[in-house]
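Content type CSV, C-alpha atoms and all ligand atoms, from the file upload.csv:
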chain,number,residue,atom,x,y,z
A,34,MET,CA,-30.8,-15.7,-32.5
A,35,PHE,CA,-29.9,-12.3,-31.1
A,36,ARG,CA,-27.2,-10.5,-33.0
A,37,SER,CA,-25.5,-7.3,-31.8
A,38,ASN,CA,-23.4,-5.1,-34.0
A,39,SER,CA,-21.6,-3.6,-31.0
A,40,ILE,CA,-21.0,-4.3,-27.3
A,41,SER,CA,-23.1,-1.3,-26.4
A,42,ASP,CA,-26.2,-3.1,-27.9
A,43,LEU,CA,-25.8,-5.6,-25.0
A,44,ILE,CA,-25.8,-2.9,-22.3
A,45,PRO,CA,-29.3,-1.8,-21.1
A,46,LYS,CA,-30.1,1.8,-22.0
A,47,SER,CA,-30.7,2.7,-18.4
A,48,LEU,CA,-27.1,1.6,-17.6
A,49,GLN,CA,-25.7,3.5,-20.6
A,50,ALA,CA,-27.5,6.7,-19.4
A,51,PHE,CA,-26.1,6.2,-15.9
A,52,ALA,CA,-22.6,5.6,-17.2
A,53,ALA,CA,-22.8,8.8,-19.2
A,54,THR,CA,-23.3,10.8,-16.0
A,55,MET,CA,-20.2,9.3,-14.3
A,56,THR,CA,-17.2,11.6,-14.2
A,57,ARG,CA,-15.1,9.1,-12.2
A,58,HIS,CA,-12.0,7.6,-13.6
A,59,TYR,CA,-9.7,5.0,-12.1
A,60,GLU,CA,-6.7,6.4,-10.2
A,61,CYS,CA,-3.8,4.4,-8.9
A,62,PRO,CA,-1.9,5.3,-6.9
A,63,LEU,CA,-2.4,8.6,-4.9
A,64,TYR,CA,0.6,10.3,-3.4
A,65,PHE,CA,0.6,12.5,-0.2
A,66,PRO,CA,3.8,14.3,0.6
A,67,ARG,CA,4.9,15.2,4.2
A,68,VAL,CA,2.2,13.3,6.1
A,69,PHE,CA,4.7,12.9,8.9
A,70,GLY,CA,7.6,15.2,9.7
A,71,PRO,CA,11.2,13.8,10.1
A,72,ARG,CA,11.0,13.8,13.9
A,73,GLN,CA,7.7,11.9,13.8
A,74,CYS,CA,9.2,9.4,11.4
A,75,GLU,CA,12.1,8.9,13.8
A,76,GLN,CA,9.6,8.4,16.7
A,77,ILE,CA,7.7,5.7,14.7
A,78,ILE,CA,11.0,4.0,13.8
A,79,LYS,CA,12.0,4.0,17.5
A,80,SER,CA,8.6,2.5,18.5
A,81,GLY,CA,8.8,-0.1,15.7
A,82,LEU,CA,12.2,-1.2,16.6
A,83,ALA,CA,11.2,-1.8,20.2
A,84,LEU,CA,8.4,-4.2,19.1
A,85,PRO,CA,8.9,-8.0,18.8
A,86,VAL,CA,9.8,-9.1,15.3
A,87,ASP,CA,7.6,-11.3,13.2
A,88,ASP,CA,10.3,-12.1,10.5
A,89,GLY,CA,8.5,-11.5,7.3
A,90,LEU,CA,5.4,-13.6,7.5
A,91,VAL,CA,3.7,-13.6,4.2
A,92,SER,CA,0.1,-13.9,5.3
A,93,GLY,CA,-2.4,-15.2,2.8
A,94,GLY,CA,-0.2,-18.0,1.6
A,95,ALA,CA,-1.1,-21.5,2.6
A,96,GLU,CA,-1.8,-21.3,6.3
A,97,GLY,CA,0.2,-18.1,6.5
A,98,ALA,CA,3.3,-20.0,5.3
A,99,ARG,CA,6.6,-18.2,5.8
A,100,ASP,CA,7.7,-17.7,2.2
A,101,ILE,CA,11.3,-16.5,1.9
A,102,GLU,CA,11.0,-16.8,-1.9
A,103,ALA,CA,8.5,-13.8,-1.8
A,104,ARG,CA,9.9,-11.6,1.0
A,105,LYS,CA,12.9,-11.1,3.1
A,106,ALA,CA,12.3,-8.4,5.7
A,107,ASN,CA,11.5,-8.1,9.4
A,108,ILE,CA,8.1,-6.9,10.3
A,109,SER,CA,6.5,-5.9,13.6
A,110,TRP,CA,3.0,-4.8,14.4
A,111,LEU,CA,2.1,-1.4,15.8
A,112,SER,CA,-1.2,-1.3,17.7
A,113,PRO,CA,-3.5,1.7,17.9
A,114,ASP,CA,-3.0,2.0,21.7
A,115,ASP,CA,-3.0,5.4,23.5
A,116,GLU,CA,0.6,6.0,22.7
A,117,GLN,CA,0.3,5.3,19.0
A,118,MET,CA,-3.2,6.6,18.4
A,119,TRP,CA,-1.9,9.8,16.8
A,120,VAL,CA,-0.2,7.7,14.0
A,121,PHE,CA,-3.5,6.0,13.2
A,122,GLU,CA,-5.4,9.3,13.3
A,123,LYS,CA,-3.1,10.7,10.6
A,124,LEU,CA,-3.3,7.5,8.5
A,125,ALA,CA,-7.1,7.6,8.8
A,126,ALA,CA,-7.2,11.3,7.6
A,127,VAL,CA,-5.1,10.4,4.5
A,128,ILE,CA,-7.3,7.4,3.8
A,129,GLU,CA,-10.4,9.6,4.0
A,130,LYS,CA,-8.9,12.0,1.6
A,131,ALA,CA,-7.8,9.2,-0.8
A,132,ASN,CA,-11.2,7.7,-0.7
A,133,GLU,CA,-12.8,10.9,-2.0
A,134,THR,CA,-11.3,9.5,-5.3
A,135,TYR,CA,-11.8,5.8,-4.9
A,136,ARG,CA,-15.2,6.0,-3.2
A,137,TYR,CA,-14.9,2.4,-1.9
A,138,ASP,CA,-17.2,1.1,0.9
A,139,LEU,CA,-14.8,1.1,3.8
A,140,LEU,CA,-15.3,0.0,7.4
A,141,GLY,CA,-11.9,0.6,9.0
A,142,PHE,CA,-8.3,-0.7,9.5
A,143,THR,CA,-8.2,-4.5,9.0
A,144,GLU,CA,-5.2,-5.0,11.3
A,145,ASP,CA,-2.5,-3.3,13.2
A,146,ALA,CA,0.0,-1.3,11.2
A,147,GLN,CA,2.9,-3.2,9.8
A,148,PHE,CA,6.3,-1.7,10.7
A,149,THR,CA,8.7,-3.1,8.0
A,150,CYS,CA,12.4,-3.2,8.3
A,151,TYR,CA,14.8,-3.8,5.3
A,152,ASP,CA,18.1,-3.9,7.1
A,153,ARG,CA,20.1,-6.8,5.6
A,154,ILE,CA,21.6,-6.4,2.1
A,155,GLY,CA,19.3,-8.1,-0.3
A,156,ASP,CA,16.1,-7.7,1.8
A,157,PHE,CA,13.1,-7.4,-0.6
A,158,TYR,CA,9.5,-8.1,-1.2
A,159,ASP,CA,8.6,-9.5,-4.6
A,160,TRP,CA,5.6,-8.6,-6.7
A,161,HIS,CA,2.4,-9.2,-4.8
A,162,GLN,CA,-1.1,-8.0,-4.1
A,163,ASP,CA,-2.2,-7.2,-0.5
A,164,GLY,CA,-5.9,-8.1,-1.0
A,165,LEU,CA,-8.3,-9.8,-3.3
A,166,GLU,CA,-8.3,-13.4,-2.3
A,167,GLY,CA,-9.2,-15.5,0.7
A,168,GLU,CA,-9.1,-13.9,4.2
A,169,LEU,CA,-7.4,-10.9,2.8
A,170,ALA,CA,-10.2,-10.0,0.4
A,171,VAL,CA,-11.5,-7.5,2.9
A,172,ARG,CA,-8.4,-5.3,2.4
A,173,LYS,CA,-9.4,-2.7,-0.1
A,174,LEU,CA,-6.9,0.1,0.2
A,175,SER,CA,-3.2,-0.1,1.1
A,176,ILE,CA,-1.2,2.8,2.5
A,177,VAL,CA,2.6,2.8,2.7
A,178,ILE,CA,4.5,5.5,4.7
A,179,GLN,CA,8.1,6.1,3.9
A,180,LEU,CA,9.8,6.5,7.3
A,181,SER,CA,13.5,6.6,6.3
A,182,ASP,CA,15.6,9.5,5.1
A,183,PRO,CA,16.2,8.8,1.4
A,184,THR,CA,19.9,9.4,1.8
A,185,SER,CA,20.3,6.7,4.4
A,186,TYR,CA,19.9,3.7,2.1
A,187,GLU,CA,20.1,2.5,-1.5
A,188,GLY,CA,17.8,0.1,-3.2
A,189,ALA,CA,14.7,-1.1,-1.4
A,190,ASP,CA,12.5,1.1,-3.6
A,191,LEU,CA,8.8,0.6,-3.6
A,192,GLU,CA,7.6,0.0,-7.1
A,193,LEU,CA,3.9,0.0,-8.2
A,194,PHE,CA,2.9,-2.0,-11.2
A,195,ALA,CA,0.5,0.7,-12.3
A,196,LEU,CA,3.5,3.0,-12.8
A,197,ASN,CA,5.2,0.6,-15.2
A,198,CYS,CA,4.7,3.2,-17.8
A,199,ASP,CA,6.8,6.1,-19.2
A,200,GLU,CA,10.3,5.9,-17.8
A,201,GLU,CA,10.4,9.6,-17.0
A,202,VAL,CA,7.1,9.4,-15.0
A,203,ALA,CA,8.2,6.2,-13.3
A,204,ARG,CA,11.5,7.9,-12.2
A,205,SER,CA,9.8,10.9,-10.8
A,206,TRP,CA,7.4,8.6,-8.8
A,207,ARG,CA,10.4,6.6,-7.5
A,208,GLU,CA,11.9,9.9,-6.2
A,209,ASP,CA,8.6,10.9,-4.6
A,210,LEU,CA,8.1,7.5,-3.0
A,211,ARG,CA,11.5,7.9,-1.3
A,212,ARG,CA,10.6,11.2,0.4
A,213,GLN,CA,10.6,10.8,4.1
A,214,GLY,CA,7.1,11.0,5.7
A,215,SER,CA,5.2,10.7,2.5
A,216,ALA,CA,2.3,8.3,2.0
A,217,VAL,CA,1.1,6.4,-1.0
A,218,VAL,CA,-2.4,4.9,-1.2
A,219,PHE,CA,-3.5,2.4,-3.8
A,220,PRO,CA,-6.1,-0.3,-4.2
A,221,ALA,CA,-4.9,-3.4,-2.3
A,222,PHE,CA,-5.4,-5.6,-5.5
A,223,GLU,CA,-2.6,-3.6,-7.3
A,224,TYR,CA,0.7,-5.4,-7.7
A,225,HIS,CA,3.7,-3.8,-6.1
A,226,ARG,CA,7.1,-4.8,-4.9
A,227,VAL,CA,10.2,-3.6,-3.0
A,228,ASN,CA,13.5,-4.0,-4.8
A,229,PRO,CA,16.5,-5.6,-3.0
A,230,LEU,CA,18.3,-3.4,-0.4
A,231,ILE,CA,21.8,-2.4,-1.6
A,232,SER,CA,23.0,-0.6,1.4
A,233,GLY,CA,21.9,1.1,4.6
A,234,LYS,CA,18.4,0.5,6.2
A,235,ARG,CA,14.9,1.3,5.1
A,236,TYR,CA,11.8,1.4,7.3
A,237,SER,CA,8.2,1.7,6.2
A,238,LEU,CA,4.8,1.6,7.8
A,239,VAL,CA,2.1,-0.3,6.0
A,240,CYS,CA,-1.6,-0.3,6.8
A,241,TRP,CA,-4.7,-1.7,5.1
A,242,VAL,CA,-8.3,-0.4,5.2
A,243,GLY,CA,-11.1,-2.8,4.5
A,244,GLY,CA,-14.7,-3.2,3.8
A,245,PRO,CA,-17.1,-5.6,2.2
A,246,PRO,CA,-15.5,-7.4,-0.8
A,247,PHE,CA,-15.9,-5.8,-4.2
A,248,LYS,CA,-19.1,-7.0,-6.0
B,1,LIG,O1,7.7,-1.6,2.5
B,1,LIG,C1,7.1,-1.2,1.6
B,1,LIG,O2,7.4,-0.1,1.0
B,1,LIG,C2,5.9,-1.9,1.0
B,1,LIG,C3,5.7,-3.2,1.8
B,1,LIG,C4,4.6,-4.0,1.1
B,1,LIG,O3,4.5,-4.1,-0.1
B,1,LIG,C5,3.7,-4.8,1.9
B,1,LIG,O4,3.9,-5.0,3.1
B,1,LIG,O5,2.7,-5.3,1.3

Would you mind writing the file's structure down as structure tokens?
Amino acid sequence: MFRSNSISDLIPKSLQAFAATMTRHYECPLYFPRVFGPRQCEQIIKSGLALPVDDGLVSGGAEGARDIEARKANISWLSPDDEQMWVFEKLAAVIEKANETYRYDLLGFTEDAQFTCYDRIGDFYDWHQDGLEGELAVRKLSIVIQLSDPTSYEGADLELFALNCDEEVARSWREDLRRQGSAVVFPAFEYHRVNPLISGKRYSLVCWVGGPPFK
């Protein structure tokens, strides 16, 4: 019977040589400040609020079941039509930059952009992944734009599981993620959540970029 003294005995030499040339390391998440200016954020909020509401459908559940255990927030869908194309162009530029790090095979946006509205006390979105299983497996990167002025609400903070680390680092991320017009990009399989809203209103824009499922 074959016995190995270490795991590296099991890895073909050719693969070991290849791995030694890789400089890549896993990054989650990537932060982009000031992607949209305050006036642009207000413009997106205005457009989002004019859209019909799809009240927090948690897609990917059984037959897209409405799951108020997992999320309480209003969502609407912003399409890349002539009027909103500039928004998608900016999102695409951020994704392209982020993917210089991730180097995933990407084909494009998987759906319209989700305009999310936390405007009732207690609105939240529990820990979840955006992609990985079923029909959502094609989602590979998530991008969240913070549209609200951070002084206009309390709570409703976006938290990323990968930042569940040193409290000092996590606090500084929390502050960054509240900056109006900023974007955060992370692999769609990473767990994240939005804490319950305490006061005011928070608006965000969420988009997913997809490609062939990970092999
Ligand atoms: O509103 C946010 O900050 C994030 C929303 C979210 O996690 C999602 O729609 O998957």

Query raised in the report: At a cut-off of 9 Å from (-3.7, 0.3, 16.0) in the coordinates of the file, what residues are picked up using all atoms listed in the file, written as a ChimeraX atom specification?
Result: /A:110-114,117-118,120-121,142,144-146

Would you give me, as CSV, each residue of chain A having an atom within 10 Å of an atom of ligand LIG 1 (chain B), along with its shortest atom pair and that distance in Å to one decimal, using only C-alpha atoms and all ligand atoms and sorting by chain and residue number?
residue,atom,partner,partner_atom,distance
A:Gly89,CA,B:LIG1,O4,9.0
A:Leu90,CA,B:LIG1,O4,9.8
A:Val91,CA,B:LIG1,O4,8.7
A:Ser92,CA,B:LIG1,O5,9.8
A:Arg104,CA,B:LIG1,O4,9.2
A:Ala106,CA,B:LIG1,O1,8.8
A:Ile108,CA,B:LIG1,O4,8.5
A:Ala146,CA,B:LIG1,O4,9.7
A:Gln147,CA,B:LIG1,O4,7.0
A:Phe148,CA,B:LIG1,O1,8.3
A:Thr149,CA,B:LIG1,O1,5.8
A:Cys150,CA,B:LIG1,O1,7.6
A:Tyr151,CA,B:LIG1,O1,7.9
A:Phe157,CA,B:LIG1,O1,8.5
A:Tyr158,CA,B:LIG1,O3,6.5
A:Asp159,CA,B:LIG1,O3,8.1
A:Trp160,CA,B:LIG1,O3,8.1
A:His161,CA,B:LIG1,O5,7.2
A:Gln162,CA,B:LIG1,O5,7.1
A:Asp163,CA,B:LIG1,O5,5.6
A:Gly164,CA,B:LIG1,O5,9.3
A:Ser175,CA,B:LIG1,O5,7.9
A:Ile176,CA,B:LIG1,C2,8.6
A:Val177,CA,B:LIG1,O2,5.9
A:Ile178,CA,B:LIG1,O2,7.3
A:Gln179,CA,B:LIG1,O2,6.9
A:Leu180,CA,B:LIG1,O2,9.4
A:Ala189,CA,B:LIG1,O2,7.7
A:Asp190,CA,B:LIG1,O2,7.0
A:Leu191,CA,B:LIG1,O2,4.9
A:Glu192,CA,B:LIG1,O2,8.1
A:Leu193,CA,B:LIG1,O3,9.1
A:Leu210,CA,B:LIG1,O2,8.6
A:Arg211,CA,B:LIG1,O2,9.3
A:Ala216,CA,B:LIG1,O2,9.9
A:Val217,CA,B:LIG1,O2,9.3
A:Ala221,CA,B:LIG1,O5,8.6
A:Tyr224,CA,B:LIG1,O3,8.6
A:His225,CA,B:LIG1,O3,6.1
A:Arg226,CA,B:LIG1,O3,5.5
A:Val227,CA,B:LIG1,O2,6.0
A:Asn228,CA,B:LIG1,O2,9.3
A:Arg235,CA,B:LIG1,O1,8.2
A:Tyr236,CA,B:LIG1,O1,7.0
A:Ser237,CA,B:LIG1,O1,5.0
A:Leu238,CA,B:LIG1,O1,6.8
A:Val239,CA,B:LIG1,O4,5.8
A:Cys240,CA,B:LIG1,O4,8.1
A:Trp241,CA,B:LIG1,O5,9.1

**Report entry** Near-Ala170 in chain A list (9 Å; only C-alpha atoms; drop same-chain fewer than 5 positions) as an NGL selection string
**Finding:** :A and (163-165 or 221-222 or 243-247)

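The nearest approach to Asp182 in chain A among the residues A:Asp156, A:Leu63, A:Lys234, A:Ser80, with only C-alpha atoms taken into account, belongs to A:Lys234.
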
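For the pair CA of Gly188 in chain A and CA of Thr143 in chain A, the interatomic distance is 29.1 Å.
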
**Report entry** Nearest residue to Lys123 in chain A from the set A:Asp138, A:Ala83, A:Arg153, A:Phe65 (distances using all atoms listed in the file)
**Finding:** A:Phe65

Report summary line: In Å and to one decimal, CA of Lys248 in chain A is distant from CA of Tyr64 in chain A by 26.3 Å

Requested in this report: Kindly give the distance, in Å, that separates CA of Phe194 in chain A and CA of Glu223 in chain A, rounded to a single decimal.
Outcome: 6.9 Å

Query raised in the report: Given the choices A:Gly167, A:Pro220, A:Pro62, A:Gly141, which gets closest to Ala126 in chain A if the distance is worked out from all atoms listed in the file?
Result: A:Gly141

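When only C-alpha atoms are used to measure the gap to Glu75 in chain A, the shortest distance among A:Arg207, A:Gln213, A:Glu102, A:Leu174 belongs to A:Gln213.
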
Query - Residue nearest Asn132 in chain A among A:Leu169, A:Val218, A:Cys74, A:Leu82 (counting all atoms listed in the file) - result: A:Val218
